[in-house]
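*Asks:* Here you go, this is coords_11.cif (mmCIF, N, CA and C atoms and all ligand atoms).
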data_entry
#
loop_
_atom_site.label_atom_id
_atom_site.label_comp_id
_atom_site.auth_asym_id
_atom_site.auth_seq_id
_atom_site.Cartn_x
_atom_site.Cartn_y
_atom_site.Cartn_z
N MET F 1 210.61 112.78 -22.35
CA MET F 1 209.34 112.98 -23.07
C MET F 1 208.17 113.08 -22.09
N THR F 2 208.09 112.11 -21.19
CA THR F 2 206.99 112.11 -20.22
C THR F 2 207.04 113.36 -19.35
N LYS F 3 208.26 113.73 -18.95
CA LYS F 3 208.45 114.93 -18.15
C LYS F 3 207.88 116.16 -18.85
N ARG F 4 208.19 116.23 -20.15
CA ARG F 4 207.76 117.36 -20.95
C ARG F 4 206.24 117.45 -21.00
N VAL F 5 205.60 116.29 -21.18
CA VAL F 5 204.14 116.24 -21.23
C VAL F 5 203.56 116.70 -19.89
N LEU F 6 204.17 116.21 -18.82
CA LEU F 6 203.70 116.59 -17.48
C LEU F 6 203.84 118.10 -17.26
N LEU F 7 204.96 118.64 -17.76
CA LEU F 7 205.21 120.07 -17.61
C LEU F 7 204.13 120.87 -18.34
N ILE F 8 203.81 120.40 -19.55
CA ILE F 8 202.79 121.11 -20.34
C ILE F 8 201.43 121.04 -19.63
N ILE F 9 201.10 119.86 -19.11
CA ILE F 9 199.83 119.70 -18.39
C ILE F 9 199.82 120.61 -17.16
N GLY F 10 200.98 120.66 -16.47
CA GLY F 10 201.10 121.50 -15.29
C GLY F 10 200.88 122.96 -15.62
N LEU F 11 201.51 123.44 -16.67
CA LEU F 11 201.36 124.83 -17.09
C LEU F 11 199.92 125.13 -17.48
N TYR F 12 199.31 124.16 -18.16
CA TYR F 12 197.92 124.31 -18.58
C TYR F 12 197.01 124.50 -17.36
N MET F 13 197.23 123.67 -16.34
CA MET F 13 196.40 123.74 -15.14
C MET F 13 196.60 125.06 -14.40
N ILE F 14 197.86 125.53 -14.37
CA ILE F 14 198.14 126.81 -13.70
C ILE F 14 197.42 127.95 -14.43
N SER F 15 197.48 127.93 -15.76
CA SER F 15 196.84 129.02 -16.51
C SER F 15 195.33 128.97 -16.33
N MET F 16 194.75 127.77 -16.22
CA MET F 16 193.31 127.64 -15.98
C MET F 16 192.94 128.26 -14.63
N THR F 17 193.77 127.99 -13.62
CA THR F 17 193.51 128.52 -12.29
C THR F 17 193.57 130.05 -12.30
N LEU F 18 194.58 130.59 -13.02
CA LEU F 18 194.71 132.04 -13.11
C LEU F 18 193.48 132.65 -13.79
N LEU F 19 193.02 132.00 -14.84
CA LEU F 19 191.84 132.49 -15.55
C LEU F 19 190.63 132.47 -14.62
N ALA F 20 190.52 131.42 -13.81
CA ALA F 20 189.38 131.28 -12.92
C ALA F 20 189.37 132.40 -11.88
N THR F 21 190.54 132.78 -11.35
CA THR F 21 190.56 133.81 -10.33
C THR F 21 190.29 135.19 -10.93
N ALA F 22 190.56 135.36 -12.23
CA ALA F 22 190.36 136.65 -12.86
C ALA F 22 188.94 136.83 -13.39
N LYS F 23 188.05 135.94 -12.99
CA LYS F 23 186.67 135.98 -13.45
C LYS F 23 185.98 137.26 -12.98
N GLU F 24 185.22 137.87 -13.88
CA GLU F 24 184.55 139.11 -13.51
C GLU F 24 183.36 138.84 -12.60
N MET F 25 183.26 139.68 -11.56
CA MET F 25 182.17 139.54 -10.59
C MET F 25 181.56 140.91 -10.38
N SER F 26 180.45 140.98 -9.62
CA SER F 26 179.92 142.30 -9.30
C SER F 26 179.51 142.36 -7.83
N TRP F 27 179.63 143.53 -7.27
CA TRP F 27 179.33 143.76 -5.86
C TRP F 27 178.46 145.01 -5.75
N ASN F 28 177.51 144.99 -4.81
CA ASN F 28 176.73 146.18 -4.50
C ASN F 28 177.33 146.83 -3.27
N GLY F 29 177.38 148.15 -3.29
CA GLY F 29 177.91 148.83 -2.11
C GLY F 29 178.01 150.32 -2.32
N TRP F 30 178.66 150.97 -1.37
CA TRP F 30 178.81 152.43 -1.39
C TRP F 30 180.27 152.79 -1.66
N ILE F 31 180.45 153.87 -2.42
CA ILE F 31 181.80 154.37 -2.62
C ILE F 31 182.13 155.32 -1.47
N SER F 32 183.09 154.92 -0.68
CA SER F 32 183.54 155.70 0.47
C SER F 32 185.02 156.01 0.27
N ASP F 33 185.70 156.38 1.35
CA ASP F 33 187.14 156.63 1.22
C ASP F 33 187.88 155.85 2.28
N SER F 34 189.20 155.72 2.09
CA SER F 34 190.00 154.86 2.95
C SER F 34 190.10 155.38 4.38
N LYS F 35 189.79 156.66 4.60
CA LYS F 35 189.85 157.19 5.96
C LYS F 35 188.56 156.88 6.71
N CYS F 36 187.41 157.12 6.06
CA CYS F 36 186.12 156.93 6.73
C CYS F 36 185.64 155.49 6.65
N GLY F 37 186.06 154.74 5.63
CA GLY F 37 185.70 153.32 5.53
C GLY F 37 184.21 153.07 5.58
N ALA F 38 183.80 152.08 6.41
CA ALA F 38 182.41 151.65 6.48
C ALA F 38 181.48 152.74 7.02
N LYS F 39 182.06 153.71 7.76
CA LYS F 39 181.23 154.82 8.27
C LYS F 39 180.69 155.67 7.12
N GLY F 40 181.37 155.57 5.97
CA GLY F 40 180.97 156.38 4.81
C GLY F 40 179.97 155.70 3.90
N ALA F 41 179.36 154.61 4.36
CA ALA F 41 178.44 153.86 3.50
C ALA F 41 177.05 154.47 3.51
N ASN F 42 176.93 155.73 3.14
CA ASN F 42 175.63 156.39 3.03
C ASN F 42 175.76 157.63 2.17
N ALA F 43 174.60 158.12 1.69
CA ALA F 43 174.60 159.24 0.76
C ALA F 43 175.06 160.53 1.43
N GLU F 44 174.86 160.65 2.75
CA GLU F 44 175.24 161.87 3.48
C GLU F 44 176.76 162.06 3.50
N HIS F 45 177.46 160.98 3.26
CA HIS F 45 178.92 161.05 3.34
C HIS F 45 179.58 161.54 2.04
N ALA F 46 178.77 161.76 0.99
CA ALA F 46 179.33 162.10 -0.33
C ALA F 46 180.33 163.26 -0.26
N ALA F 47 179.94 164.35 0.40
CA ALA F 47 180.81 165.53 0.45
C ALA F 47 182.09 165.22 1.21
N CYS F 48 181.96 164.46 2.30
CA CYS F 48 183.12 164.09 3.11
C CYS F 48 184.06 163.20 2.30
N ALA F 49 183.48 162.25 1.55
CA ALA F 49 184.31 161.34 0.75
C ALA F 49 185.12 162.13 -0.28
N LYS F 50 184.46 163.10 -0.91
CA LYS F 50 185.16 163.93 -1.90
C LYS F 50 186.31 164.67 -1.23
N LYS F 51 186.01 165.22 -0.04
CA LYS F 51 187.02 165.99 0.70
C LYS F 51 188.20 165.08 1.08
N CYS F 52 187.88 163.89 1.59
CA CYS F 52 188.94 162.96 2.01
C CYS F 52 189.79 162.56 0.80
N ILE F 53 189.14 162.28 -0.33
CA ILE F 53 189.88 161.82 -1.51
C ILE F 53 190.73 162.96 -2.07
N ASP F 54 190.17 164.18 -2.05
CA ASP F 54 190.97 165.34 -2.48
C ASP F 54 192.20 165.50 -1.59
N ALA F 55 192.05 165.11 -0.32
CA ALA F 55 193.16 165.24 0.63
C ALA F 55 194.14 164.08 0.54
N GLY F 56 193.92 163.20 -0.42
CA GLY F 56 194.89 162.14 -0.65
C GLY F 56 194.45 160.74 -0.25
N GLU F 57 193.21 160.61 0.31
CA GLU F 57 192.73 159.27 0.66
C GLU F 57 192.30 158.55 -0.63
N LYS F 58 192.25 157.22 -0.55
CA LYS F 58 191.86 156.42 -1.71
C LYS F 58 190.36 156.11 -1.65
N PRO F 59 189.69 156.12 -2.81
CA PRO F 59 188.29 155.69 -2.78
C PRO F 59 188.21 154.17 -2.53
N VAL F 60 187.20 153.75 -1.78
CA VAL F 60 187.00 152.33 -1.48
C VAL F 60 185.54 151.97 -1.72
N LEU F 61 185.29 150.67 -1.85
CA LEU F 61 183.92 150.18 -1.94
C LEU F 61 183.57 149.54 -0.61
N VAL F 62 182.42 149.93 -0.01
CA VAL F 62 181.93 149.28 1.19
C VAL F 62 180.77 148.40 0.77
N THR F 63 180.93 147.08 0.88
CA THR F 63 179.93 146.17 0.36
C THR F 63 178.67 146.15 1.24
N ASP F 64 177.51 146.02 0.56
CA ASP F 64 176.23 145.93 1.28
C ASP F 64 176.16 144.66 2.12
N LYS F 65 176.70 143.59 1.55
CA LYS F 65 176.54 142.27 2.14
C LYS F 65 177.15 142.17 3.53
N ASP F 66 178.42 142.58 3.66
CA ASP F 66 179.07 142.43 4.96
C ASP F 66 179.86 143.67 5.40
N MET F 67 179.56 144.83 4.76
CA MET F 67 180.21 146.09 5.13
C MET F 67 181.73 145.98 5.07
N LYS F 68 182.20 145.20 4.13
CA LYS F 68 183.64 145.04 3.96
C LYS F 68 184.19 146.23 3.17
N VAL F 69 185.33 146.75 3.60
CA VAL F 69 185.97 147.85 2.90
C VAL F 69 186.96 147.28 1.89
N VAL F 70 186.70 147.53 0.60
CA VAL F 70 187.53 146.95 -0.46
C VAL F 70 188.28 148.07 -1.18
N ASN F 71 189.60 147.97 -1.24
CA ASN F 71 190.41 148.95 -1.98
C ASN F 71 190.14 148.84 -3.47
N ILE F 72 190.27 149.97 -4.15
CA ILE F 72 190.04 149.99 -5.59
C ILE F 72 191.37 150.23 -6.30
N ALA F 73 191.72 149.28 -7.18
CA ALA F 73 193.03 149.33 -7.84
C ALA F 73 193.11 150.46 -8.86
N ASN F 74 191.99 150.80 -9.46
CA ASN F 74 191.95 151.88 -10.45
C ASN F 74 190.93 152.95 -10.03
N PRO F 75 191.34 153.83 -9.10
CA PRO F 75 190.42 154.82 -8.51
C PRO F 75 189.69 155.69 -9.54
N ASP F 76 190.31 155.92 -10.69
CA ASP F 76 189.66 156.77 -11.71
C ASP F 76 188.32 156.20 -12.15
N ALA F 77 188.17 154.87 -12.08
CA ALA F 77 186.94 154.22 -12.54
C ALA F 77 185.73 154.60 -11.69
N VAL F 78 185.93 155.00 -10.43
CA VAL F 78 184.80 155.34 -9.56
C VAL F 78 184.75 156.85 -9.29
N LYS F 79 185.58 157.61 -9.97
CA LYS F 79 185.61 159.06 -9.79
C LYS F 79 184.22 159.64 -10.07
N GLY F 80 183.77 160.53 -9.20
CA GLY F 80 182.45 161.13 -9.37
C GLY F 80 181.35 160.31 -8.71
N HIS F 81 181.67 159.13 -8.19
CA HIS F 81 180.67 158.28 -7.53
C HIS F 81 180.84 158.27 -6.02
N GLU F 82 181.61 159.20 -5.47
CA GLU F 82 181.80 159.26 -4.02
C GLU F 82 180.44 159.43 -3.34
N GLY F 83 180.16 158.60 -2.34
CA GLY F 83 178.88 158.68 -1.64
C GLY F 83 177.71 158.12 -2.42
N HIS F 84 177.99 157.44 -3.52
CA HIS F 84 176.92 156.83 -4.32
C HIS F 84 176.78 155.36 -3.97
N HIS F 85 175.52 154.89 -4.04
CA HIS F 85 175.23 153.48 -3.89
C HIS F 85 175.31 152.87 -5.29
N VAL F 86 176.24 151.96 -5.50
CA VAL F 86 176.51 151.48 -6.85
C VAL F 86 176.67 149.97 -6.91
N GLN F 87 176.56 149.47 -8.14
CA GLN F 87 176.97 148.10 -8.40
C GLN F 87 178.26 148.19 -9.20
N VAL F 88 179.30 147.58 -8.67
CA VAL F 88 180.61 147.62 -9.30
C VAL F 88 180.91 146.25 -9.89
N SER F 89 181.29 146.23 -11.17
CA SER F 89 181.73 144.99 -11.80
C SER F 89 183.22 145.06 -12.01
N GLY F 90 183.87 143.93 -11.85
CA GLY F 90 185.31 143.91 -12.05
C GLY F 90 185.90 142.60 -11.57
N THR F 91 187.22 142.62 -11.42
CA THR F 91 187.90 141.42 -10.98
C THR F 91 188.68 141.72 -9.70
N MET F 92 188.85 140.69 -8.88
CA MET F 92 189.58 140.83 -7.64
C MET F 92 191.06 140.54 -7.91
N ASN F 93 191.93 141.46 -7.54
CA ASN F 93 193.36 141.23 -7.69
C ASN F 93 193.88 140.33 -6.58
N SER F 94 195.06 139.77 -6.78
CA SER F 94 195.61 138.85 -5.78
C SER F 94 195.90 139.57 -4.46
N ASP F 95 196.09 140.90 -4.50
CA ASP F 95 196.35 141.64 -3.27
C ASP F 95 195.06 142.06 -2.57
N GLY F 96 193.91 141.61 -3.09
CA GLY F 96 192.63 141.90 -2.44
C GLY F 96 191.99 143.20 -2.88
N SER F 97 192.63 143.90 -3.81
CA SER F 97 192.02 145.13 -4.32
C SER F 97 191.17 144.80 -5.53
N LEU F 98 190.28 145.72 -5.83
CA LEU F 98 189.29 145.48 -6.87
C LEU F 98 189.67 146.26 -8.13
N GLN F 99 189.73 145.54 -9.25
CA GLN F 99 189.98 146.17 -10.55
C GLN F 99 188.61 146.43 -11.16
N VAL F 100 188.19 147.69 -11.17
CA VAL F 100 186.82 148.03 -11.59
C VAL F 100 186.73 148.15 -13.11
N THR F 101 185.73 147.49 -13.69
CA THR F 101 185.51 147.63 -15.12
C THR F 101 184.24 148.41 -15.41
N LYS F 102 183.26 148.35 -14.48
CA LYS F 102 181.98 149.02 -14.73
C LYS F 102 181.35 149.47 -13.42
N VAL F 103 180.74 150.66 -13.42
CA VAL F 103 180.03 151.17 -12.25
C VAL F 103 178.61 151.51 -12.67
N THR F 104 177.62 150.94 -11.98
CA THR F 104 176.22 151.23 -12.26
C THR F 104 175.57 151.82 -11.02
N MET F 105 174.84 152.92 -11.18
CA MET F 105 174.17 153.54 -10.04
C MET F 105 173.00 152.68 -9.58
N LEU F 106 172.87 152.53 -8.25
CA LEU F 106 171.73 151.82 -7.66
C LEU F 106 170.88 152.85 -6.92
N SER F 107 169.77 152.40 -6.33
CA SER F 107 168.97 153.28 -5.49
C SER F 107 169.83 153.89 -4.41
N GLN F 108 169.74 155.20 -4.22
CA GLN F 108 170.59 155.88 -3.25
C GLN F 108 170.05 155.74 -1.82
N LYS F 109 168.94 155.01 -1.65
CA LYS F 109 168.38 154.81 -0.32
C LYS F 109 169.09 153.70 0.44
N GLY F 110 169.81 152.85 -0.29
CA GLY F 110 170.48 151.75 0.35
C GLY F 110 169.57 150.56 0.51
N GLY F 111 170.06 149.52 1.16
CA GLY F 111 169.28 148.30 1.32
C GLY F 111 169.19 147.54 0.02
N THR F 112 168.33 146.53 -0.02
CA THR F 112 168.24 145.70 -1.21
C THR F 112 167.04 146.08 -2.04
N GLY F 113 167.11 145.85 -3.33
CA GLY F 113 166.02 146.15 -4.25
C GLY F 113 165.75 147.63 -4.34
N GLY F 114 164.52 147.99 -4.61
CA GLY F 114 164.16 149.39 -4.73
C GLY F 114 164.37 149.90 -6.14
N ALA F 115 163.59 150.90 -6.49
CA ALA F 115 163.69 151.44 -7.85
C ALA F 115 164.95 152.31 -7.98
N MET F 116 165.37 152.44 -9.20
CA MET F 116 166.51 153.30 -9.50
C MET F 116 166.13 154.73 -9.17
N SER F 117 166.98 155.41 -8.43
CA SER F 117 166.69 156.79 -8.09
C SER F 117 167.11 157.70 -9.23
N ASP F 118 166.34 158.75 -9.46
CA ASP F 118 166.72 159.69 -10.52
C ASP F 118 167.58 160.82 -9.96
N MET F 119 167.85 160.73 -8.68
CA MET F 119 168.70 161.73 -8.04
C MET F 119 170.16 161.44 -8.40
N HIS F 120 170.87 162.44 -8.79
CA HIS F 120 172.28 162.20 -9.12
C HIS F 120 173.14 163.31 -8.57
CU CU V 201 185.24 160.84 4.44
#
As structure tokens - that is how I would like this structure written.
*Replies:*
Amino acid sequence: MTKRVLLIIGLYMISMTLLATAKEMSWNGWISDSKCGAKGANAEHAACAKKCIDAGEKPVLVTDKDMKVVNIANPDAVKGHEGHHVQVSGTMNSDGSLQVTKVTMLSQKGGTGGAMSDMH
């Protein structure tokens, strides 16, 4: 009986931990590609990113905070945003890739703050 209770408590704690890691977060950064990586964190790279992705490279997010290159688990979610400065919402998978749920356009000038650009 006691064992069973402990097992249930154990399972409960594991599921809580899993829920905690699947928490939705958001990151600001540039959509680049897996070949160009952090070098593609600017608006000038848009055409190159499209070309690289058409050639079979994967789209990635380069974060503003630390220029980290993050793989995207569902590339379709960022399609059309190559070379765009965006805020991406989603969850981090256990393999370190990002499951994107939402993409919001940010100022295409980069840096922090700034008004939303009407350039698209
Ligand atoms: Cu490229």
*Asks:* Restricting the calculation to only C-alpha atoms and all ligand atoms, which member of F:Val88, F:Ala46, F:Val70, F:Leu61 is positioned closest to ligand CU 201 (chain V)?
*Replies:*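 Checking each candidate against ligand CU 201 (chain V), we get F:Ala46 as the closest.
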*Asks:* Using only C-alpha atoms, which of the listed residues (F:His45, F:Lys109, F:Lys39, F:Lys102) sits closest to Met67 of chain F?
*Replies:* F:Lys39
*Asks:* Kindly provide, as a short mmCIF file (atom, residue, chain, number, x, y, z; two decimals) with N, CA and C atoms, keeping the file's coordinate frame, all nucleotide and amino acid residues lying within 12 Å of ligand CU 201 (chain V), counting only C-alpha atoms and all ligand atoms.
*Replies:*
data_model
loop_
_atom_site.label_atom_id
_atom_site.label_comp_id
_atom_site.auth_asym_id
_atom_site.auth_seq_id
_atom_site.Cartn_x
_atom_site.Cartn_y
_atom_site.Cartn_z
N ILE F 31 180.45 153.87 -2.42
CA ILE F 31 181.80 154.37 -2.62
C ILE F 31 182.13 155.32 -1.47
N SER F 32 183.09 154.92 -0.68
CA SER F 32 183.54 155.70 0.47
C SER F 32 185.02 156.01 0.27
N ASP F 33 185.70 156.38 1.35
CA ASP F 33 187.14 156.63 1.22
C ASP F 33 187.88 155.85 2.28
N SER F 34 189.20 155.72 2.09
CA SER F 34 190.00 154.86 2.95
C SER F 34 190.10 155.38 4.38
N LYS F 35 189.79 156.66 4.60
CA LYS F 35 189.85 157.19 5.96
C LYS F 35 188.56 156.88 6.71
N CYS F 36 187.41 157.12 6.06
CA CYS F 36 186.12 156.93 6.73
C CYS F 36 185.64 155.49 6.65
N GLY F 37 186.06 154.74 5.63
CA GLY F 37 185.70 153.32 5.53
C GLY F 37 184.21 153.07 5.58
N ALA F 38 183.80 152.08 6.41
CA ALA F 38 182.41 151.65 6.48
C ALA F 38 181.48 152.74 7.02
N LYS F 39 182.06 153.71 7.76
CA LYS F 39 181.23 154.82 8.27
C LYS F 39 180.69 155.67 7.12
N GLY F 40 181.37 155.57 5.97
CA GLY F 40 180.97 156.38 4.81
C GLY F 40 179.97 155.70 3.90
N ALA F 41 179.36 154.61 4.36
CA ALA F 41 178.44 153.86 3.50
C ALA F 41 177.05 154.47 3.51
N ASN F 42 176.93 155.73 3.14
CA ASN F 42 175.63 156.39 3.03
C ASN F 42 175.76 157.63 2.17
N ALA F 43 174.60 158.12 1.69
CA ALA F 43 174.60 159.24 0.76
C ALA F 43 175.06 160.53 1.43
N GLU F 44 174.86 160.65 2.75
CA GLU F 44 175.24 161.87 3.48
C GLU F 44 176.76 162.06 3.50
N HIS F 45 177.46 160.98 3.26
CA HIS F 45 178.92 161.05 3.34
C HIS F 45 179.58 161.54 2.04
N ALA F 46 178.77 161.76 0.99
CA ALA F 46 179.33 162.10 -0.33
C ALA F 46 180.33 163.26 -0.26
N ALA F 47 179.94 164.35 0.40
CA ALA F 47 180.81 165.53 0.45
C ALA F 47 182.09 165.22 1.21
N CYS F 48 181.96 164.46 2.30
CA CYS F 48 183.12 164.09 3.11
C CYS F 48 184.06 163.20 2.30
N ALA F 49 183.48 162.25 1.55
CA ALA F 49 184.31 161.34 0.75
C ALA F 49 185.12 162.13 -0.28
N LYS F 50 184.46 163.10 -0.91
CA LYS F 50 185.16 163.93 -1.90
C LYS F 50 186.31 164.67 -1.23
N LYS F 51 186.01 165.22 -0.04
CA LYS F 51 187.02 165.99 0.70
C LYS F 51 188.20 165.08 1.08
N CYS F 52 187.88 163.89 1.59
CA CYS F 52 188.94 162.96 2.01
C CYS F 52 189.79 162.56 0.80
N ILE F 53 189.14 162.28 -0.33
CA ILE F 53 189.88 161.82 -1.51
C ILE F 53 190.73 162.96 -2.07
N ASP F 54 190.17 164.18 -2.05
CA ASP F 54 190.97 165.34 -2.48
C ASP F 54 192.20 165.50 -1.59
N ALA F 55 192.05 165.11 -0.32
CA ALA F 55 193.16 165.24 0.63
C ALA F 55 194.14 164.08 0.54
N GLY F 56 193.92 163.20 -0.42
CA GLY F 56 194.89 162.14 -0.65
C GLY F 56 194.45 160.74 -0.25
N GLU F 57 193.21 160.61 0.31
CA GLU F 57 192.73 159.27 0.66
C GLU F 57 192.30 158.55 -0.63
N LYS F 58 192.25 157.22 -0.55
CA LYS F 58 191.86 156.42 -1.71
C LYS F 58 190.36 156.11 -1.65
N PRO F 59 189.69 156.12 -2.81
CA PRO F 59 188.29 155.69 -2.78
C PRO F 59 188.21 154.17 -2.53
N VAL F 60 187.20 153.75 -1.78
CA VAL F 60 187.00 152.33 -1.48
C VAL F 60 185.54 151.97 -1.72
N GLU F 82 181.61 159.20 -5.47
CA GLU F 82 181.80 159.26 -4.02
C GLU F 82 180.44 159.43 -3.34
N GLY F 83 180.16 158.60 -2.34
CA GLY F 83 178.88 158.68 -1.64
C GLY F 83 177.71 158.12 -2.42
#
*Asks:* If you run DSSP over the backbone, which residues in segment 5-80 of chain F end up strand (DSSP E or B)? Put them as a VMD selection string.
*Replies:* chain F and resid 25 to 33 59 to 63 69 to 72
*Asks:* So which bits of chain F end up helix (DSSP H, G or I) when you DSSP the backbone, as an mmCIF file with N, CA and C atoms, keeping the file's coordinate frame?
*Replies:*
data_model
loop_
_atom_site.group_PDB
_atom_site.id
_atom_site.type_symbol
_atom_site.label_atom_id
_atom_site.label_comp_id
_atom_site.auth_asym_id
_atom_site.auth_seq_id
_atom_site.Cartn_x
_atom_site.Cartn_y
_atom_site.Cartn_z
ATOM 1 N N THR F 2 208.090 112.110 -21.190
ATOM 2 C CA THR F 2 206.990 112.110 -20.220
ATOM 3 C C THR F 2 207.040 113.360 -19.350
ATOM 4 N N LYS F 3 208.260 113.730 -18.950
ATOM 5 C CA LYS F 3 208.450 114.930 -18.150
ATOM 6 C C LYS F 3 207.880 116.160 -18.850
ATOM 7 N N ARG F 4 208.190 116.230 -20.150
ATOM 8 C CA ARG F 4 207.760 117.360 -20.950
ATOM 9 C C ARG F 4 206.240 117.450 -21.000
ATOM 10 N N VAL F 5 205.600 116.290 -21.180
ATOM 11 C CA VAL F 5 204.140 116.240 -21.230
ATOM 12 C C VAL F 5 203.560 116.700 -19.890
ATOM 13 N N LEU F 6 204.170 116.210 -18.820
ATOM 14 C CA LEU F 6 203.700 116.590 -17.480
ATOM 15 C C LEU F 6 203.840 118.100 -17.260
ATOM 16 N N LEU F 7 204.960 118.640 -17.760
ATOM 17 C CA LEU F 7 205.210 120.070 -17.610
ATOM 18 C C LEU F 7 204.130 120.870 -18.340
ATOM 19 N N ILE F 8 203.810 120.400 -19.550
ATOM 20 C CA ILE F 8 202.790 121.110 -20.340
ATOM 21 C C ILE F 8 201.430 121.040 -19.630
ATOM 22 N N ILE F 9 201.100 119.860 -19.110
ATOM 23 C CA ILE F 9 199.830 119.700 -18.390
ATOM 24 C C ILE F 9 199.820 120.610 -17.160
ATOM 25 N N GLY F 10 200.980 120.660 -16.470
ATOM 26 C CA GLY F 10 201.100 121.500 -15.290
ATOM 27 C C GLY F 10 200.880 122.960 -15.620
ATOM 28 N N LEU F 11 201.510 123.440 -16.670
ATOM 29 C CA LEU F 11 201.360 124.830 -17.090
ATOM 30 C C LEU F 11 199.920 125.130 -17.480
ATOM 31 N N TYR F 12 199.310 124.160 -18.160
ATOM 32 C CA TYR F 12 197.920 124.310 -18.580
ATOM 33 C C TYR F 12 197.010 124.500 -17.360
ATOM 34 N N MET F 13 197.230 123.670 -16.340
ATOM 35 C CA MET F 13 196.400 123.740 -15.140
ATOM 36 C C MET F 13 196.600 125.060 -14.400
ATOM 37 N N ILE F 14 197.860 125.530 -14.370
ATOM 38 C CA ILE F 14 198.140 126.810 -13.700
ATOM 39 C C ILE F 14 197.420 127.950 -14.430
ATOM 40 N N SER F 15 197.480 127.930 -15.760
ATOM 41 C CA SER F 15 196.840 129.020 -16.510
ATOM 42 C C SER F 15 195.330 128.970 -16.330
ATOM 43 N N MET F 16 194.750 127.770 -16.220
ATOM 44 C CA MET F 16 193.310 127.640 -15.980
ATOM 45 C C MET F 16 192.940 128.260 -14.630
ATOM 46 N N THR F 17 193.770 127.990 -13.620
ATOM 47 C CA THR F 17 193.510 128.520 -12.290
ATOM 48 C C THR F 17 193.570 130.050 -12.300
ATOM 49 N N LEU F 18 194.580 130.590 -13.020
ATOM 50 C CA LEU F 18 194.710 132.040 -13.110
ATOM 51 C C LEU F 18 193.480 132.650 -13.790
ATOM 52 N N LEU F 19 193.020 132.000 -14.840
ATOM 53 C CA LEU F 19 191.840 132.490 -15.550
ATOM 54 C C LEU F 19 190.630 132.470 -14.620
ATOM 55 N N ALA F 20 190.520 131.420 -13.810
ATOM 56 C CA ALA F 20 189.380 131.280 -12.920
ATOM 57 C C ALA F 20 189.370 132.400 -11.880
ATOM 58 N N THR F 21 190.540 132.780 -11.350
ATOM 59 C CA THR F 21 190.560 133.810 -10.330
ATOM 60 C C THR F 21 190.290 135.190 -10.930
ATOM 61 N N GLY F 37 186.060 154.740 5.630
ATOM 62 C CA GLY F 37 185.700 153.320 5.530
ATOM 63 C C GLY F 37 184.210 153.070 5.580
ATOM 64 N N ALA F 38 183.800 152.080 6.410
ATOM 65 C CA ALA F 38 182.410 151.650 6.480
ATOM 66 C C ALA F 38 181.480 152.740 7.020
ATOM 67 N N LYS F 39 182.060 153.710 7.760
ATOM 68 C CA LYS F 39 181.230 154.820 8.270
ATOM 69 C C LYS F 39 180.690 155.670 7.120
ATOM 70 N N GLY F 40 181.370 155.570 5.970
ATOM 71 C CA GLY F 40 180.970 156.380 4.810
ATOM 72 C C GLY F 40 179.970 155.700 3.900
ATOM 73 N N ALA F 43 174.600 158.120 1.690
ATOM 74 C CA ALA F 43 174.600 159.240 0.760
ATOM 75 C C ALA F 43 175.060 160.530 1.430
ATOM 76 N N GLU F 44 174.860 160.650 2.750
ATOM 77 C CA GLU F 44 175.240 161.870 3.480
ATOM 78 C C GLU F 44 176.760 162.060 3.500
ATOM 79 N N HIS F 45 177.460 160.980 3.260
ATOM 80 C CA HIS F 45 178.920 161.050 3.340
ATOM 81 C C HIS F 45 179.580 161.540 2.040
ATOM 82 N N ALA F 46 178.770 161.760 0.990
ATOM 83 C CA ALA F 46 179.330 162.100 -0.330
ATOM 84 C C ALA F 46 180.330 163.260 -0.260
ATOM 85 N N ALA F 47 179.940 164.350 0.400
ATOM 86 C CA ALA F 47 180.810 165.530 0.450
ATOM 87 C C ALA F 47 182.090 165.220 1.210
ATOM 88 N N CYS F 48 181.960 164.460 2.300
ATOM 89 C CA CYS F 48 183.120 164.090 3.110
ATOM 90 C C CYS F 48 184.060 163.200 2.300
ATOM 91 N N ALA F 49 183.480 162.250 1.550
ATOM 92 C CA ALA F 49 184.310 161.340 0.750
ATOM 93 C C ALA F 49 185.120 162.130 -0.280
ATOM 94 N N LYS F 50 184.460 163.100 -0.910
ATOM 95 C CA LYS F 50 185.160 163.930 -1.900
ATOM 96 C C LYS F 50 186.310 164.670 -1.230
ATOM 97 N N LYS F 51 186.010 165.220 -0.040
ATOM 98 C CA LYS F 51 187.020 165.990 0.700
ATOM 99 C C LYS F 51 188.200 165.080 1.080
ATOM 100 N N CYS F 52 187.880 163.890 1.590
ATOM 101 C CA CYS F 52 188.940 162.960 2.010
ATOM 102 C C CYS F 52 189.790 162.560 0.800
ATOM 103 N N ILE F 53 189.140 162.280 -0.330
ATOM 104 C CA ILE F 53 189.880 161.820 -1.510
ATOM 105 C C ILE F 53 190.730 162.960 -2.070
ATOM 106 N N ASP F 54 190.170 164.180 -2.050
ATOM 107 C CA ASP F 54 190.970 165.340 -2.480
ATOM 108 C C ASP F 54 192.200 165.500 -1.590
ATOM 109 N N PRO F 75 191.340 153.830 -9.100
ATOM 110 C CA PRO F 75 190.420 154.820 -8.510
ATOM 111 C C PRO F 75 189.690 155.690 -9.540
ATOM 112 N N ASP F 76 190.310 155.920 -10.690
ATOM 113 C CA ASP F 76 189.660 156.770 -11.710
ATOM 114 C C ASP F 76 188.320 156.200 -12.150
ATOM 115 N N ALA F 77 188.170 154.870 -12.080
ATOM 116 C CA ALA F 77 186.940 154.220 -12.540
ATOM 117 C C ALA F 77 185.730 154.600 -11.690
ATOM 118 N N VAL F 78 185.930 155.000 -10.430
ATOM 119 C CA VAL F 78 184.800 155.340 -9.560
ATOM 120 C C VAL F 78 184.750 156.850 -9.290
#
*Asks:* What does the structure give for the distance between atom C of Asn74 of chain F and atom N of Thr101 of chain F, in Å to one decimal?
*Replies:* 8.4 Å
